[in-house]
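Q: Just one file: final25.txt, with compact mmCIF, C-alpha atoms.
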# COMPACT_ATOMS: atom_id res chain seq x y z
CA MET A 15 -1.87 119.76 153.00
CA GLY A 16 -4.29 121.59 150.76
CA TYR A 17 -4.59 124.96 149.09
CA LYS A 18 -5.73 128.31 150.38
CA VAL A 19 -8.39 129.27 147.85
CA VAL A 20 -10.28 132.52 147.26
CA VAL A 21 -13.53 132.78 145.29
CA ALA A 22 -14.23 136.39 144.28
CA GLY A 23 -17.76 137.14 143.13
CA ALA A 24 -19.08 134.32 145.29
CA THR A 25 -22.70 135.54 145.31
CA GLY A 26 -23.16 135.47 141.51
CA ASN A 27 -24.28 132.55 139.34
CA VAL A 28 -20.75 131.56 138.35
CA GLY A 29 -19.21 132.18 141.78
CA ARG A 30 -21.76 129.95 143.50
CA GLU A 31 -21.19 127.28 140.85
CA MET A 32 -17.43 127.50 141.44
CA LEU A 33 -18.02 126.73 145.12
CA ASN A 34 -20.33 123.83 144.24
CA ILE A 35 -17.79 122.30 141.86
CA LEU A 36 -14.82 122.75 144.20
CA ALA A 37 -16.82 120.73 146.74
CA GLU A 38 -18.14 118.16 144.25
CA ARG A 39 -14.70 117.41 142.84
CA GLU A 40 -13.19 117.35 146.35
CA PHE A 41 -10.57 119.91 145.47
CA PRO A 42 -7.92 119.88 148.23
CA VAL A 43 -8.92 123.05 150.08
CA ASP A 44 -7.08 123.87 153.29
CA GLU A 45 -8.83 127.21 153.75
CA ILE A 46 -11.37 129.10 151.65
CA ALA A 47 -12.41 132.75 151.51
CA VAL A 48 -15.49 134.03 149.67
CA LEU A 49 -15.46 137.63 148.52
CA ALA A 50 -18.12 140.00 147.22
CA SER A 51 -18.70 143.70 146.69
CA ARG A 52 -19.80 145.89 149.58
CA LYS A 53 -23.47 145.68 148.59
CA SER A 54 -23.38 141.88 149.01
CA LEU A 55 -21.19 141.89 152.13
CA GLY A 56 -22.21 139.28 154.68
CA THR A 57 -24.34 137.31 152.22
CA GLU A 58 -24.18 133.61 153.02
CA VAL A 59 -23.08 131.06 150.42
CA THR A 60 -22.54 127.32 150.70
CA PHE A 61 -19.40 125.28 150.16
CA GLY A 62 -20.26 121.62 150.49
CA GLU A 63 -21.98 121.33 153.86
CA THR A 64 -20.39 124.54 155.15
CA THR A 65 -22.05 127.96 155.15
CA LEU A 66 -19.71 130.90 154.58
CA LYS A 67 -20.19 134.66 154.91
CA THR A 68 -18.76 136.87 152.19
CA LYS A 69 -15.92 139.25 152.96
CA ASP A 70 -15.18 142.61 151.39
CA LEU A 71 -13.26 142.26 148.12
CA ASP A 72 -12.06 145.84 148.41
CA THR A 73 -10.18 145.36 151.68
CA PHE A 74 -9.16 141.68 151.37
CA ASP A 75 -5.44 140.87 151.70
CA PHE A 76 -4.42 138.18 149.19
CA THR A 77 -1.03 137.64 150.80
CA GLY A 78 -0.48 133.99 151.70
CA TRP A 79 -3.34 132.69 149.53
CA ASP A 80 -2.44 130.19 146.79
CA MET A 81 -5.05 130.88 144.13
CA ALA A 82 -8.10 133.05 143.51
CA LEU A 83 -10.99 132.19 141.20
CA PHE A 84 -12.42 135.47 139.89
CA ALA A 85 -16.02 135.82 138.67
CA ILE A 86 -16.45 139.57 139.05
CA GLY A 87 -16.46 141.00 135.52
CA SER A 88 -13.76 142.87 133.61
CA ASP A 89 -14.02 146.25 135.35
CA ALA A 90 -13.52 144.91 138.85
CA THR A 91 -10.93 142.40 137.65
CA LYS A 92 -8.85 145.25 136.25
CA THR A 93 -8.59 146.63 139.80
CA TYR A 94 -8.26 143.51 141.92
CA ALA A 95 -6.48 140.88 139.80
CA PRO A 96 -3.15 142.76 139.71
CA LYS A 97 -3.39 143.24 143.50
CA ALA A 98 -3.89 139.53 144.07
CA ALA A 99 -1.18 138.58 141.58
CA ALA A 100 1.31 141.00 143.15
CA ALA A 101 0.62 139.42 146.54
CA GLY A 102 1.67 136.02 145.17
CA CYS A 103 -1.84 134.63 144.67
CA VAL A 104 -2.41 133.10 141.22
CA VAL A 105 -5.57 134.50 139.64
CA ILE A 106 -7.82 132.31 137.49
CA ASP A 107 -10.02 134.89 135.81
CA ASN A 108 -13.41 134.23 134.24
CA SER A 109 -13.78 137.69 132.63
CA SER A 110 -12.63 138.63 129.14
CA LEU A 111 -10.02 141.10 130.41
CA TYR A 112 -6.88 138.99 130.00
CA ARG A 113 -7.93 136.43 127.39
CA TYR A 114 -6.11 138.12 124.53
CA ASP A 115 -3.03 139.19 126.51
CA PRO A 116 -0.01 137.34 125.03
CA ASP A 117 1.52 137.11 128.53
CA VAL A 118 -1.55 135.36 130.00
CA PRO A 119 -2.33 131.73 129.12
CA LEU A 120 -5.89 131.04 127.96
CA ILE A 121 -6.65 127.50 129.01
CA VAL A 122 -9.14 124.70 128.46
CA PRO A 123 -7.47 121.80 130.30
CA GLU A 124 -8.64 119.07 127.89
CA VAL A 125 -7.10 121.07 125.03
CA ASN A 126 -3.98 122.98 126.08
CA ALA A 127 -3.11 122.18 129.70
CA ASP A 128 0.61 122.52 128.89
CA ALA A 129 0.11 126.27 128.47
CA ILE A 130 -0.18 126.50 132.29
CA THR A 131 3.57 127.14 132.52
CA GLY A 132 3.02 130.61 131.08
CA TYR A 133 1.11 131.74 134.18
CA SER A 134 4.24 133.05 135.89
CA LYS A 135 4.62 136.09 133.61
CA LYS A 136 1.71 137.86 135.31
CA ASN A 137 0.50 135.31 137.90
CA ILE A 138 -2.80 135.29 135.97
CA ILE A 139 -4.56 132.58 133.93
CA ALA A 140 -7.58 133.34 131.74
CA ASN A 141 -10.75 131.27 131.40
CA PRO A 142 -12.23 131.36 127.86
CA ASN A 143 -15.64 132.53 126.76
CA CYS A 144 -18.39 129.99 127.48
CA SER A 145 -19.26 129.39 123.84
CA THR A 146 -15.60 128.87 122.92
CA ALA A 147 -14.83 126.46 125.77
CA GLN A 148 -17.24 123.73 124.73
CA MET A 149 -16.42 124.09 121.03
CA VAL A 150 -12.66 123.70 121.40
CA VAL A 151 -13.13 120.57 123.55
CA ALA A 152 -14.84 119.05 120.50
CA LEU A 153 -12.44 120.48 117.91
CA LYS A 154 -9.08 119.54 119.44
CA PRO A 155 -9.14 115.73 119.09
CA LEU A 156 -10.47 116.03 115.53
CA HIS A 157 -7.81 118.65 114.68
CA ASP A 158 -5.08 116.33 115.97
CA ARG A 159 -6.27 113.65 113.54
CA ALA A 160 -7.15 115.53 110.33
CA ARG A 161 -6.07 119.22 110.76
CA ILE A 162 -8.96 121.68 110.73
CA LYS A 163 -8.94 124.35 108.01
CA ARG A 164 -12.21 126.15 108.71
CA VAL A 165 -15.05 126.18 111.21
CA VAL A 166 -18.53 127.63 110.68
CA VAL A 167 -20.48 127.76 113.93
CA SER A 168 -23.94 128.99 114.87
CA THR A 169 -24.66 129.19 118.59
CA TYR A 170 -27.90 128.89 120.56
CA GLN A 171 -26.89 130.51 123.85
CA SER A 172 -28.93 130.42 127.04
CA VAL A 173 -29.90 133.48 129.03
CA SER A 174 -27.78 132.44 132.02
CA GLY A 175 -24.82 133.61 129.95
CA ALA A 176 -26.14 137.11 130.64
CA GLY A 177 -26.30 136.50 134.40
CA LYS A 178 -29.15 136.47 136.88
CA ASP A 179 -30.78 139.51 135.25
CA GLY A 180 -31.04 137.61 131.97
CA MET A 181 -32.64 134.61 133.64
CA ASP A 182 -35.09 136.83 135.52
CA GLU A 183 -36.05 138.64 132.32
CA LEU A 184 -36.87 135.38 130.51
CA TRP A 185 -38.91 134.17 133.51
CA ASP A 186 -40.84 137.43 133.90
CA GLN A 187 -41.51 137.88 130.18
CA THR A 188 -42.66 134.28 129.76
CA LYS A 189 -45.24 134.77 132.49
CA SER A 190 -46.32 138.17 131.14
CA VAL A 191 -47.09 136.74 127.69
CA TYR A 192 -50.05 134.96 129.31
CA ASN A 193 -51.13 138.05 131.26
CA PRO A 194 -52.13 140.94 128.97
CA THR A 195 -52.09 143.44 131.85
CA ASP A 196 -48.50 142.60 132.85
CA ASP A 197 -46.17 143.94 130.17
CA LYS A 198 -42.45 143.22 130.69
CA PRO A 199 -40.41 145.19 128.14
CA ALA A 200 -36.85 144.20 127.27
CA LYS A 201 -34.21 145.59 129.64
CA LYS A 202 -31.29 143.15 129.77
CA PHE A 203 -31.73 142.12 126.15
CA THR A 204 -32.26 144.29 123.07
CA LYS A 205 -35.58 142.62 122.18
CA GLN A 206 -38.13 140.34 123.83
CA ILE A 207 -36.40 137.06 124.72
CA ALA A 208 -39.46 135.01 125.69
CA PHE A 209 -40.65 132.93 122.70
CA ASN A 210 -38.04 134.64 120.55
CA VAL A 211 -34.40 134.41 119.44
CA ILE A 212 -32.00 137.35 119.25
CA PRO A 213 -29.03 137.26 116.82
CA HIS A 214 -27.03 139.69 118.95
CA ILE A 215 -24.71 138.96 121.91
CA ASP A 216 -22.35 141.67 123.22
CA VAL A 217 -21.63 144.85 121.24
CA PHE A 218 -21.45 145.28 117.47
CA MET A 219 -18.05 145.74 115.84
CA GLU A 220 -17.09 147.64 112.71
CA ASP A 221 -17.21 144.62 110.39
CA GLY A 222 -20.80 143.80 111.41
CA SER A 223 -19.91 140.92 113.72
CA THR A 224 -20.65 141.08 117.43
CA LYS A 225 -17.93 140.88 120.06
CA GLU A 226 -19.18 137.44 121.14
CA GLU A 227 -18.56 136.21 117.59
CA TRP A 228 -15.13 137.84 117.53
CA LYS A 229 -14.27 136.17 120.85
CA MET A 230 -14.98 132.73 119.42
CA VAL A 231 -12.66 133.43 116.50
CA ALA A 232 -9.78 134.90 118.51
CA GLU A 233 -9.96 132.40 121.36
CA THR A 234 -10.11 129.31 119.14
CA LYS A 235 -6.97 130.51 117.39
CA LYS A 236 -5.17 131.13 120.70
CA ILE A 237 -6.24 127.86 122.34
CA VAL A 238 -6.13 125.38 119.44
CA ASP A 239 -4.27 126.70 116.38
CA PRO A 240 -3.84 130.21 114.90
CA LYS A 241 -4.20 128.75 111.39
CA ILE A 242 -7.81 127.68 111.88
CA LYS A 243 -10.31 129.98 110.16
CA VAL A 244 -13.48 130.52 112.18
CA THR A 245 -16.73 132.30 111.36
CA ALA A 246 -19.47 132.50 113.97
CA THR A 247 -23.06 133.67 114.37
CA CYS A 248 -24.04 133.94 118.04
CA VAL A 249 -27.71 133.86 119.00
CA ARG A 250 -29.47 134.24 122.36
CA VAL A 251 -32.34 131.78 122.80
CA PRO A 252 -35.08 131.40 125.46
CA VAL A 253 -33.31 128.62 127.37
CA PHE A 254 -32.33 129.12 131.02
CA VAL A 255 -29.09 127.08 131.14
CA GLY A 256 -27.07 125.27 128.48
CA HIS A 257 -25.45 126.52 125.28
CA SER A 258 -25.86 124.64 122.00
CA GLU A 259 -23.79 124.92 118.83
CA ALA A 260 -24.22 123.69 115.28
CA ILE A 261 -20.64 123.25 114.05
CA ASN A 262 -19.51 122.69 110.47
CA ILE A 263 -15.85 121.67 110.15
CA GLU A 264 -13.65 121.53 107.04
CA PHE A 265 -10.49 119.45 107.37
CA GLU A 266 -7.27 119.23 105.39
CA ASP A 267 -7.54 115.43 105.35
CA PHE A 268 -10.58 113.21 104.95
CA LEU A 269 -12.18 112.10 108.22
CA ASP A 270 -14.93 109.51 108.14
CA GLU A 271 -17.90 110.20 110.43
CA ASP A 272 -17.52 106.81 112.13
CA GLU A 273 -13.88 107.46 112.93
CA ALA A 274 -14.77 110.96 114.16
CA ARG A 275 -17.39 109.42 116.44
CA ASP A 276 -14.81 106.99 117.84
CA ILE A 277 -12.24 109.76 118.35
CA LEU A 278 -14.74 111.92 120.23
CA ARG A 279 -15.87 109.00 122.40
CA GLU A 280 -12.28 108.55 123.60
CA ALA A 281 -11.56 112.26 124.06
CA PRO A 282 -11.46 113.81 127.56
CA GLY A 283 -14.49 115.77 128.71
CA ILE A 284 -16.76 114.55 125.92
CA MET A 285 -19.86 112.36 125.96
CA VAL A 286 -21.12 111.19 122.56
CA ILE A 287 -24.88 110.60 122.36
CA ASP A 288 -25.56 110.08 118.67
CA LYS A 289 -28.39 107.75 117.66
CA ARG A 290 -30.27 108.36 114.44
CA GLU A 291 -33.68 108.04 116.01
CA ASP A 292 -36.21 110.19 117.84
CA GLY A 293 -34.49 111.65 120.92
CA GLY A 294 -31.10 110.15 120.06
CA TYR A 295 -29.30 113.44 120.75
CA VAL A 296 -28.74 115.78 123.68
CA THR A 297 -30.54 119.09 124.28
CA PRO A 298 -29.73 121.84 126.80
CA VAL A 299 -32.29 120.63 129.35
CA GLU A 300 -30.46 117.32 129.65
CA CYS A 301 -26.96 118.76 130.05
CA VAL A 302 -27.71 121.01 133.05
CA GLY A 303 -25.60 120.10 136.07
CA ASP A 304 -23.31 117.81 134.09
CA PHE A 305 -19.56 118.19 133.63
CA ALA A 306 -19.44 116.80 130.08
CA THR A 307 -19.58 118.46 126.70
CA PHE A 308 -22.15 116.43 124.73
CA ILE A 309 -21.76 115.72 121.02
CA SER A 310 -24.60 114.53 118.78
CA ARG A 311 -25.66 114.56 115.10
CA ILE A 312 -22.19 113.67 113.74
CA ARG A 313 -22.44 113.36 109.96
CA GLN A 314 -20.51 113.91 106.76
CA ASP A 315 -20.92 117.22 104.91
CA SER A 316 -21.27 116.20 101.27
CA THR A 317 -20.99 119.80 99.98
CA ILE A 318 -17.24 120.02 100.61
CA GLU A 319 -14.38 117.55 100.13
CA ASN A 320 -13.46 116.97 103.78
CA GLY A 321 -16.34 118.12 105.94
CA LEU A 322 -18.27 117.12 109.03
CA ASN A 323 -21.27 118.53 110.89
CA LEU A 324 -21.96 118.06 114.57
CA TRP A 325 -24.16 119.32 117.41
CA CYS A 326 -22.44 120.38 120.63
CA VAL A 327 -24.24 121.04 123.96
CA SER A 328 -22.87 121.94 127.39
CA ASP A 329 -23.87 123.55 130.69
CA ASN A 330 -22.43 127.03 130.19
CA LEU A 331 -22.27 127.77 133.92
CA ARG A 332 -20.13 124.64 134.33
CA LYS A 333 -17.84 123.86 131.38
CA GLY A 334 -18.30 127.35 130.02
CA ALA A 335 -17.24 129.00 133.26
CA ALA A 336 -17.02 127.49 136.74
CA LEU A 337 -15.97 123.93 135.89
CA ASN A 338 -13.26 125.09 133.51
CA ALA A 339 -11.90 127.45 136.18
CA VAL A 340 -11.77 124.63 138.75
CA GLN A 341 -10.12 122.32 136.21
CA ILE A 342 -7.48 125.01 135.66
CA ALA A 343 -6.99 125.16 139.43
CA GLU A 344 -6.50 121.38 139.44
CA VAL A 345 -3.87 121.59 136.70
CA LEU A 346 -2.16 124.47 138.52
CA GLY A 347 -2.05 122.46 141.73
CA ASN A 348 -0.95 119.18 140.16
CA ARG A 349 1.65 120.52 137.76
CA VAL A 350 2.96 123.72 139.34
CA LEU A 351 2.19 124.39 143.00
CA GLN A 352 2.17 120.72 144.07
CA LYS A 353 1.19 121.29 147.68
CA ALA A 354 -1.56 118.72 148.02
Transcribe the structure of this file into structure tokens.

A:
Amino acid sequence: MGYKVVVAGATGNVGREMLNILAEREFPVDEIAVLASRKSLGTEVTFGETTLKTKDLDTFDFTGWDMALFAIGSDATKTYAPKAAAAGCVVIDNSSLYRYDPDVPLIVPEVNADAITGYSKKNIIANPNCSTAQMVVALKPLHDRARIKRVVVSTYQSVSGAGKDGMDELWDQTKSVYNPTDDKPAKKFTKQIAFNVIPHIDVFMEDGSTKEEWKMVAETKKIVDPKIKVTATCVRVPVFVGHSEAINIEFEDFLDEDEARDILREAPGIMVIDKREDGGYVTPVECVGDFATFISRIRQDSTIENGLNLWCVSDNLRKGAALNAVQIAEVLGNRVLQKA
């Protein structure tokens, strides 16, 4: 006995990665359906060694299906998630639409798996923002030990966070820099992304922060602890896959860097690579395709009483999106549906 699973948005970066990870982790699938918009109808995608043709999201009947992993963006989710949920299919949504809904649990399984019980209010579970997901995996075990008061985070986010168009723009612009007759102006991003960094992700808000920065604040509070103060600066960098974060943490109690290193080594979902030598840390290139959130550069912050700095790197298409969604599906199956 396995689960009847739907992947909506199966032709996109995240949807394809969801299929890869379901197969890699040998999720107990009894039957699988891959859905896409009409313009992508019939496109072939792979699930393990099987090739599947996409079906029409607009006409698909979710009745009798156990769970649906959505990677279709907020606008489409607003239309189709309630339909799936009403048909008895639990939606695990990767968009931002339901993250801040008090009746929808926002889950990172290593951090707050117990929140899964709240799914029944709307039959929907939210996946957090990619930059939040990896950070809270690192914060939670340290918070349990010394109680976090404040977090200051600067992100270095890859272009894959902006989808295929973002990756194509970096590729095309990088080539055009070496070809003076081939100008590639910014389209997906607000400025040239090749050989540049852009301190702007998502729309600006009234207080001068961007929505990406606001998401990190609101989601950390919902997932870990509403008392934690968070301030973020989110930056797009010319990296194809893998988000990096420089995180400064202020605790209520003193936490020695060696103890913090030991705590993180034992924590679920984390790999500590922290040698004080050339190359003794992880960069985005090395994290691609891996399930772990990598922590490096753990050190005391001498400017405050109880402070630590660390460097956090993860594959944003995996832990930041597809992997986290599949892990939620695993928790849902093991703790709630219990069919397999």

Q: Distance table requested - stretch 201-221 of chain A against stretch 248-262 of chain A, cut-off 7 Å, all atoms listed in the file: one row per qualifying residue with the closest atom pair and its distance in Å to one decimal, ordered by chain and rising residue number, as a tab-separated table.

A:
residue	atom	partner	partner_atom	distance
A:Ile207	CA	A:Pro252	CA	5.9
A:Ala208	CA	A:Pro252	CA	5.7
A:Phe209	CA	A:Pro252	CA	6.4
A:Asn210	CA	A:Pro252	CA	6.6
A:Val211	CA	A:Val251	CA	4.7
A:Ile212	CA	A:Arg250	CA	5.1
A:Pro213	CA	A:Val249	CA	4.2
A:His214	CA	A:Val249	CA	5.9
A:Ile215	CA	A:Cys248	CA	6.4

Q: Between A:Ile106, A:Ala95, A:Leu324, A:Leu184, which has the minimum distance to A:Leu156 (counting all atoms listed in the file)?

A: A:Leu324

Q: So which residues are close to (-10.6, 127.6, 135.3), meaning at most 9 Å away in the file's coordinates with only C-alpha atoms counted, and can you show them as a list in words?

A: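 Using only C-alpha atoms, the matching residues come out as Leu83, Ile106, Asp107, Asn108, Ile121, Val122, Pro123, Ile139, Ala140, Asn141, Pro142, Ala335, Ala336, Leu337, Asn338, Ala339, Val340, Gln341, Ile342, Ala343 and Glu344 of chain A.
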
Q: In Å to one decimal, how far is atom CA of A:Phe268 from atom CA of A:Asn320?

A: 4.9 Å

Q: Kindly give the distance, in Å, that separates atom CA of A:Arg311 and atom CA of A:Trp325, rounded to a single decimal.

A: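 Atom CA of A:Trp325 lies at a distance of 5.5 Å from atom CA of A:Arg311.
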
Q: Could you tell me how far atom CA of A:Ala232 lies from atom CA of A:Phe203, in Å and to one decimal?

A: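 Computed distance, atom CA of A:Ala232 to atom CA of A:Phe203, equals 24.3 Å.
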
Q: Could you check which of A:Gly180, A:Gly29, A:Gly175, A:Gly23 is closest to A:Ala50, using all atoms listed in the file?

A: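 Counting all atoms listed in the file, the residue closest to A:Ala50 is A:Gly23.
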
Q: Name the closest residue to A:Ser174 among the candidates A:Asn27, A:Thr93, A:Thr297, A:Gln148; distances are taken between atoms, counting only C-alpha atoms.

A: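 Nearest to A:Ser174: A:Asn27.
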
Q: Would you kindly return, as a PyMOL selection string, each protein, DNA or RNA residue with an atom no farther than 9 Å from any atom of A:Val104, considering only C-alpha atoms and excluding same-chain residues fewer than 2 positions away?

A: chain A and resi 79-83+95+98-102+106+133-134+136-139

Q: Could the residues in this selection be written to a file with C-alpha atoms, as a PDB file, in the coordinates of the input?

A:
ATOM      1  CA  TRP A  79      -3.340 132.690 149.530  1.00  0.00           C
ATOM      2  CA  ASP A  80      -2.440 130.190 146.790  1.00  0.00           C
ATOM      3  CA  MET A  81      -5.050 130.880 144.130  1.00  0.00           C
ATOM      4  CA  ALA A  82      -8.100 133.050 143.510  1.00  0.00           C
ATOM      5  CA  LEU A  83     -10.990 132.190 141.200  1.00  0.00           C
ATOM      6  CA  ALA A  95      -6.480 140.880 139.800  1.00  0.00           C
ATOM      7  CA  ALA A  98      -3.890 139.530 144.070  1.00  0.00           C
ATOM      8  CA  ALA A  99      -1.180 138.580 141.580  1.00  0.00           C
ATOM      9  CA  ALA A 100       1.310 141.000 143.150  1.00  0.00           C
ATOM     10  CA  ALA A 101       0.620 139.420 146.540  1.00  0.00           C
ATOM     11  CA  GLY A 102       1.670 136.020 145.170  1.00  0.00           C
ATOM     12  CA  ILE A 106      -7.820 132.310 137.490  1.00  0.00           C
ATOM     13  CA  TYR A 133       1.110 131.740 134.180  1.00  0.00           C
ATOM     14  CA  SER A 134       4.240 133.050 135.890  1.00  0.00           C
ATOM     15  CA  LYS A 136       1.710 137.860 135.310  1.00  0.00           C
ATOM     16  CA  ASN A 137       0.500 135.310 137.900  1.00  0.00           C
ATOM     17  CA  ILE A 138      -2.800 135.290 135.970  1.00  0.00           C
ATOM     18  CA  ILE A 139      -4.560 132.580 133.930  1.00  0.00           C
TER      19      ILE A 139
END

Q: Pick out the closest residue to A:Ile312 from this set: A:Ala22, A:Ala127, A:Val118, A:Leu278. Count only C-alpha atoms.

A: A:Leu278

Q: Residues near A:Arg275, anyone? I mean within 9 Å using all atoms listed in the file, not counting same-chain ones fewer than 5 positions away, as a PyMOL selection string.

A: chain A and resi 270+280+286+288+309+312

Q: Given only C-alpha atoms as the basis, pick out the residue of A:Arg332, A:Lys205, A:Lys92, A:Lys97 nearest to A:Tyr112.

A: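 Under the stated criterion, the closest residue is A:Lys92.
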
Q: Would you kindly return, as a compact mmCIF listing (two decimals) with C-alpha atoms, in the coordinates of the input, each protein, DNA or RNA residue with an atom no farther than 10 Å from any atom of stretch 52-64 of chain A, considering all atoms listed in the file and excluding same-chain residues fewer than 3 positions away?

A:
# COMPACT_ATOMS: atom_id res chain seq x y z
CA GLY A 23 -17.76 137.14 143.13
CA ALA A 24 -19.08 134.32 145.29
CA THR A 25 -22.70 135.54 145.31
CA GLY A 26 -23.16 135.47 141.51
CA GLY A 29 -19.21 132.18 141.78
CA ARG A 30 -21.76 129.95 143.50
CA GLU A 31 -21.19 127.28 140.85
CA MET A 32 -17.43 127.50 141.44
CA LEU A 33 -18.02 126.73 145.12
CA ASN A 34 -20.33 123.83 144.24
CA ILE A 35 -17.79 122.30 141.86
CA LEU A 36 -14.82 122.75 144.20
CA ALA A 37 -16.82 120.73 146.74
CA GLU A 38 -18.14 118.16 144.25
CA GLU A 40 -13.19 117.35 146.35
CA ILE A 46 -11.37 129.10 151.65
CA VAL A 48 -15.49 134.03 149.67
CA LEU A 49 -15.46 137.63 148.52
CA LYS A 67 -20.19 134.66 154.91
CA THR A 68 -18.76 136.87 152.19
CA LYS A 69 -15.92 139.25 152.96
CA ASP A 70 -15.18 142.61 151.39
CA LEU A 71 -13.26 142.26 148.12
CA ASP A 72 -12.06 145.84 148.41
CA THR A 73 -10.18 145.36 151.68
